[in-house]
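Just below is one structure, and these are the notes that go with it.
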Amino acid sequence: MDKVYITTAIPYVNGNPHIGHAMDYCLADVLARYFQMSGKEVKFQAGTDEHGNKIFQKAKELGVSVEEYTSENTEKFKDFIHKLGVSYTDFIRTTDTEHEKRCQEIWRKLSDHIYLAKYEGYYCTGCERFVTKKEFDENDGVCPDHQKPYEKLEEENYYFRIADFKNKIRKAIIDGEMVILPEFRKKEMLRLLEESPDVSISRPTTQLTWGVPVPDDDTQVMYVWIDALSNYITILGYPEKDISEWWPAVAQFVGKDILRFHAIIWPAMLLGLGLPLPKTVVSHGMILADGQKMSKSIGNVIDPVEVIDKYGLDAFRYYFLRHIDTFSDSDFTWAKFEEAYNNELANDLGNLVQRLATLASKNGIEIEDNNTRNFSGEYKELMEKFQFSKAFDLVWEKVQNLNKRIDEEKPWSLAKNGETEELKECLSNLISDLLSVNYELSPFIPATTEKIFEVFKNPITPPTTPLFPKN
RNA sequence: CGUGGGGUAGAGCAGUCUGGUAGCUCGUUUGGCUCAUAACCAAAAGGUCGUUGGUUCAAAUCCAACCCCCACAACCA
């Protein structure tokens with residue numbers, strides 16, 4: 001049996017789960033369910049990124065141990081993932097001991113490409129971070145948040161020599177060995193690749209302690225990259241285990257904001273380890289609130305949990321998988337959401353199920369349905385190109401066509417005229433086609449499609465409460 | 001000259017690669033149906049395709065210049 005591996009970006013647990021994380025999970029989940037239904041064995045990773053100063057400080061502020069803090073937050077993310085109905089199979093925390101050990105092994109294996117160098121720059125003791133030259137100039141050398149002049153500071157860091165891999169990465173991207181989606185991001189990445197400097201991958205312990213220690217140097221701790229990115233393979237047991245049955249991943253889902261790390265640093269690491277590159281890196285767009293970027297300060301943040309609590313999980317999945325484009329930025333407003341909910345979920349699909357079930361049950365129709373179901377060619381093609389919103393559109397067209405057909409074939413007239421044979425055939429066909437459509441809807445809105453399959457088991461019984469109630 | 005995306009009916013978008021009567025959804029108006037969650041179906045109205053110039057028998061689509069909006073620029077998606 002074919003095996004496929006799908007990954008999601010691991011969120012940094014210093015905040016609450018938000019809509020951006022939800023996108024990652026939903027997209028990956030649709031693909032996972034699709035592959036599962038296609039008879040593949042699926043491994044689906046999810047996890048949390050838990051190291052770094054921000055988390056360390058946050059815990060300190062709250063007066064709890066950092067272990068307690070990260071555990072609590074990880075639970076929040078797990079709850080969130082469950083709430084989204086995500087069918088992940090494996091969960092990783094970067095604080096897992098196994099992960100930390102494996103990370104150190106990975107560091108050792110990459111050591112030919114790692115060097116120690118001095119970094120000199122301007123540093124704000126208030127922010128506890130270096131600022132860019134540009135930022136320094138813009139603020140006239142004084143931190144606007146702390147009203148303190150930046151200090152010139154130098155520190156020693158380990159660097160990972162991206163330059164060693166640039167040619168190979170470029171070639172892999174161009175040849176499609178590692179596909180970057182969407183296409184326009186690929187171009188952007190190729191350009192960024194050319195400019196990519198070697199990347200700093202450690203911090204002195206004087207600055208950062210909450211992280212994986214650098215092997216054989218107790219004055220340095222790993223900075224995010226090797227620690228976080230390696231999760232995709234440490235979860236599979238790398239390096240002790242042979243991961244070739246799962247790796248390379250068929251798809252790695254990331255937000256466009258972190259695509260560059262997954263298209264440059266991550267491939268460089270893999271090449272350094274002698275591992276194949278992921279087959280596809282899928283970058284999804286951002287969700288805008290009424291045309292604007294969501295931000296806490298503007299106060300226009302859409303909380304996915306609120307949407308789910310108000311309208312149900314599948315309504316959420318429906319909107320975000322169909323009306324939010326898979327690749328480019330799309331807009332969310334409550335008005336649009338409600339419109340889609342009422343017109344499409346309730347009127348198109350909910351009502352279709354209701355009217356067909358009622359017609360069948362009133363006329364004592366029994367369904368003989370032992371067809372093996374499968375996905376249409378066009379649907380498969382779109383799904384395998386990760387064009388989920390397009391695939392969803394395609395299926396929805398079929399839903400609407402069924403409503404059309406009912407109107408054309410007028411089963412209620414057949415019943416009135418006592419044309420029982422014709423009636424039976426008409427309804428059986430309609431129901432059978434609905435169930436085929438339902439099958440294709442399953443990766444997107446699994447709970448609803450399960451209910452629909454339930455409705456059309458003999459004896460056919462119309463849902464007692466609407467699938468998508470209005471108000 | 002930082003990089004990338006975009007400007008097409010009231011709104012949201014497709015069409016641009018591979019030029020050839022401008023399309024979809026919602027909304028609006030009108031008609032039909034009655035199985036259904038006042039749901040469903042049909043039809044109509046509505047656009048100088050950002051601007052200007054060029055290529056062509058023909059341009060939303062190719063070329064050039066310009067205007068406007070948005071995102072990104074080491075992790076507050």
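In the structure tokens, the first chain shown is A, the next is B, and so on; residue numbers restart at 1 for each chain, and ligands run from 1 in the order shown.
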Cut-off 6 Å: closest chain B/chain A atom pairs per residue, using only C-alpha atoms (C1' of nucleotides), as a Markdown table:
| residue | atom | partner | partner_atom | distance |
| --- | --- | --- | --- | --- |
| B:C35 | C1' | A:Arg355 | CA | 5.5 |
| B:A36 | C1' | A:Arg355 | CA | 4.0 |
| B:U37 | C1' | A:Asn351 | CA | 5.8 |
| B:A39 | C1' | A:Asn347 | CA | 5.9 |
| B:C41 | C1' | A:Asp407 | CA | 5.9 |
| B:A77 | C1' | A:Gly20 | CA | 4.8 |
Contacts of Phe165 of chain A at 9 Å (only C-alpha atoms (C1' of nucleotides); same-chain gap of 2+ positions) as a PyMOL selection string:
chain A and resi 161-163+167-170+267-269+271-272
Store the residues picked out above, limited to N, CA and C atoms, as a PDB file, in the first residue's frame.
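The file below, out.pdb, is the result:
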ATOM      1  N   ARG A 161      25.989  27.104   6.779  1.00  0.00           N
ATOM      2  CA  ARG A 161      26.417  27.625   5.488  1.00  0.00           C
ATOM      3  C   ARG A 161      25.444  27.261   4.373  1.00  0.00           C
ATOM      4  N   ILE A 162      24.462  28.133   4.209  1.00  0.00           N
ATOM      5  CA  ILE A 162      23.457  27.948   3.167  1.00  0.00           C
ATOM      6  C   ILE A 162      24.128  27.893   1.794  1.00  0.00           C
ATOM      7  N   ALA A 163      25.201  28.666   1.671  1.00  0.00           N
ATOM      8  CA  ALA A 163      25.898  28.768   0.386  1.00  0.00           C
ATOM      9  C   ALA A 163      26.283  27.402  -0.180  1.00  0.00           C
ATOM     10  N   ASN A 167      23.077  25.927  -5.075  1.00  0.00           N
ATOM     11  CA  ASN A 167      22.927  25.408  -6.434  1.00  0.00           C
ATOM     12  C   ASN A 167      21.975  24.237  -6.495  1.00  0.00           C
ATOM     13  N   LYS A 168      22.129  23.351  -5.522  1.00  0.00           N
ATOM     14  CA  LYS A 168      21.263  22.169  -5.514  1.00  0.00           C
ATOM     15  C   LYS A 168      19.812  22.544  -5.263  1.00  0.00           C
ATOM     16  N   ILE A 169      19.616  23.484  -4.360  1.00  0.00           N
ATOM     17  CA  ILE A 169      18.238  23.891  -4.051  1.00  0.00           C
ATOM     18  C   ILE A 169      17.613  24.553  -5.275  1.00  0.00           C
ATOM     19  N   ARG A 170      18.374  25.419  -5.896  1.00  0.00           N
ATOM     20  CA  ARG A 170      17.856  26.104  -7.080  1.00  0.00           C
ATOM     21  C   ARG A 170      17.430  25.080  -8.133  1.00  0.00           C
ATOM     22  N   PRO A 267      15.449  22.859   3.119  1.00  0.00           N
ATOM     23  CA  PRO A 267      16.084  22.032   2.086  1.00  0.00           C
ATOM     24  C   PRO A 267      17.599  21.954   2.276  1.00  0.00           C
ATOM     25  N   ALA A 268      18.200  23.062   2.705  1.00  0.00           N
ATOM     26  CA  ALA A 268      19.647  23.046   2.919  1.00  0.00           C
ATOM     27  C   ALA A 268      19.993  22.020   3.993  1.00  0.00           C
ATOM     28  N   MET A 269      19.199  21.993   5.046  1.00  0.00           N
ATOM     29  CA  MET A 269      19.433  21.009   6.113  1.00  0.00           C
ATOM     30  C   MET A 269      19.313  19.594   5.575  1.00  0.00           C
ATOM     31  N   LEU A 271      19.593  18.509   2.538  1.00  0.00           N
ATOM     32  CA  LEU A 271      20.697  18.167   1.637  1.00  0.00           C
ATOM     33  C   LEU A 271      21.959  17.860   2.437  1.00  0.00           C
ATOM     34  N   GLY A 272      22.164  18.630   3.494  1.00  0.00           N
ATOM     35  CA  GLY A 272      23.318  18.402   4.344  1.00  0.00           C
ATOM     36  C   GLY A 272      23.273  17.030   5.006  1.00  0.00           C
TER      37      GLY A 272
END
Quick one: DSSP helix (DSSP H, G or I) residues in segment 2-179 of chain A, as a PyMOL selection string?
chain A and resi 19-37+53-62+66-83+97-109+111-113+133-138+162-164+166-175
Who sits within 6 Å of Ala251 of chain A, only C-alpha atoms (C1' of nucleotides), same chain under 6 positions skipped, as a PyMOL selection string
chain A and resi 6+280-281
List as a count of residues only the protein and nucleic acid residues near segment 38-45 of chain A, meaning an atom at most 7 Å away when only C-alpha atoms (C1' of nucleotides) are counted, but skip any in the same chain fewer than 3 places from it.
15
Nearest-residue call for A43 of chain B, choices B:G4, B:U29, B:C66, B:A71, using only C-alpha atoms (C1' of nucleotides)
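When distances to A43 of chain B are compared using only C-alpha atoms (C1' of nucleotides), the smallest one comes from B:U29.
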Write out as a PDB file with N, CA and C atoms (P, O5', C5', C4', C3', O3' and C1' of nucleotides), in the first residue's frame the residues lying within 12 Å of U55 of chain B, counting only C-alpha atoms (C1' of nucleotides) and excluding same-chain residues fewer than 3 positions away.
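Result file is selection-v4.pdb:
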ATOM      1  P     G B  19      -2.451  33.205 -28.580  1.00  0.00           P
ATOM      2  O5'   G B  19      -3.580  34.296 -28.853  1.00  0.00           O
ATOM      3  C5'   G B  19      -4.913  33.892 -28.711  1.00  0.00           C
ATOM      4  C4'   G B  19      -5.583  35.010 -27.984  1.00  0.00           C
ATOM      5  C3'   G B  19      -6.969  35.185 -28.542  1.00  0.00           C
ATOM      6  O3'   G B  19      -7.841  35.441 -27.483  1.00  0.00           O
ATOM      7  C1'   G B  19      -5.566  37.079 -29.032  1.00  0.00           C
ATOM      8  P     A B  58      -6.782  45.571 -36.876  1.00  0.00           P
ATOM      9  O5'   A B  58      -7.573  44.551 -35.936  1.00  0.00           O
ATOM     10  C5'   A B  58      -8.971  44.750 -35.685  1.00  0.00           C
ATOM     11  C4'   A B  58      -9.501  43.652 -34.827  1.00  0.00           C
ATOM     12  C3'   A B  58      -8.843  43.514 -33.469  1.00  0.00           C
ATOM     13  O3'   A B  58      -9.479  44.372 -32.545  1.00  0.00           O
ATOM     14  C1'   A B  58      -8.993  41.386 -34.502  1.00  0.00           C
ATOM     15  P     A B  59      -8.602  45.022 -31.331  1.00  0.00           P
ATOM     16  O5'   A B  59      -8.341  43.744 -30.390  1.00  0.00           O
ATOM     17  C5'   A B  59      -9.363  43.166 -29.536  1.00  0.00           C
ATOM     18  C4'   A B  59      -8.788  42.966 -28.150  1.00  0.00           C
ATOM     19  C3'   A B  59      -8.446  44.292 -27.504  1.00  0.00           C
ATOM     20  O3'   A B  59      -9.339  44.667 -26.468  1.00  0.00           O
ATOM     21  C1'   A B  59      -6.555  42.814 -27.534  1.00  0.00           C
ATOM     22  P     C B  62      -1.261  39.127 -21.803  1.00  0.00           P
ATOM     23  O5'   C B  62      -0.380  39.381 -23.102  1.00  0.00           O
ATOM     24  C5'   C B  62       0.251  38.304 -23.770  1.00  0.00           C
ATOM     25  C4'   C B  62       1.077  38.853 -24.909  1.00  0.00           C
ATOM     26  C3'   C B  62       1.847  40.115 -24.567  1.00  0.00           C
ATOM     27  O3'   C B  62       3.075  39.809 -23.940  1.00  0.00           O
ATOM     28  C1'   C B  62       0.694  40.430 -26.599  1.00  0.00           C
ATOM     29  P     C B  63       3.655  40.789 -22.835  1.00  0.00           P
ATOM     30  O5'   C B  63       4.206  41.994 -23.718  1.00  0.00           O
ATOM     31  C5'   C B  63       5.266  41.791 -24.635  1.00  0.00           C
ATOM     32  C4'   C B  63       5.602  43.109 -25.295  1.00  0.00           C
ATOM     33  C3'   C B  63       5.781  44.268 -24.340  1.00  0.00           C
ATOM     34  O3'   C B  63       7.083  44.295 -23.785  1.00  0.00           O
ATOM     35  C1'   C B  63       4.389  44.930 -26.138  1.00  0.00           C
ATOM     36  P     A B  64       7.274  44.903 -22.311  1.00  0.00           P
ATOM     37  O5'   A B  64       7.131  46.471 -22.595  1.00  0.00           O
ATOM     38  C5'   A B  64       8.101  47.141 -23.375  1.00  0.00           C
ATOM     39  C4'   A B  64       7.729  48.600 -23.492  1.00  0.00           C
ATOM     40  C3'   A B  64       7.422  49.288 -22.171  1.00  0.00           C
ATOM     41  O3'   A B  64       8.603  49.679 -21.498  1.00  0.00           O
ATOM     42  C1'   A B  64       5.777  49.853 -23.765  1.00  0.00           C
TER      43        A B  64
END
Counting only C-alpha atoms (C1' of nucleotides), the residue of B:G31, B:G2, B:G47, B:G10 that sits nearest A60 of chain B
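Checking each of B:G31, B:G2, B:G47, B:G10 against A60 of chain B, counting only C-alpha atoms (C1' of nucleotides), the winner is B:G47.
Ranking B:U30, B:U61, B:U51, B:U21 by their shortest atom-to-atom distance to U8 of chain B, with only C-alpha atoms (C1' of nucleotides) included, puts B:U61 first.
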May I ask which of the residues A:Ser196, A:Thr219, A:Lys171, A:Leu275 is the closest one to Ile243 of chain A, counting only C-alpha atoms?
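Among the listed residues, A:Leu275 lies closest to Ile243 of chain A.
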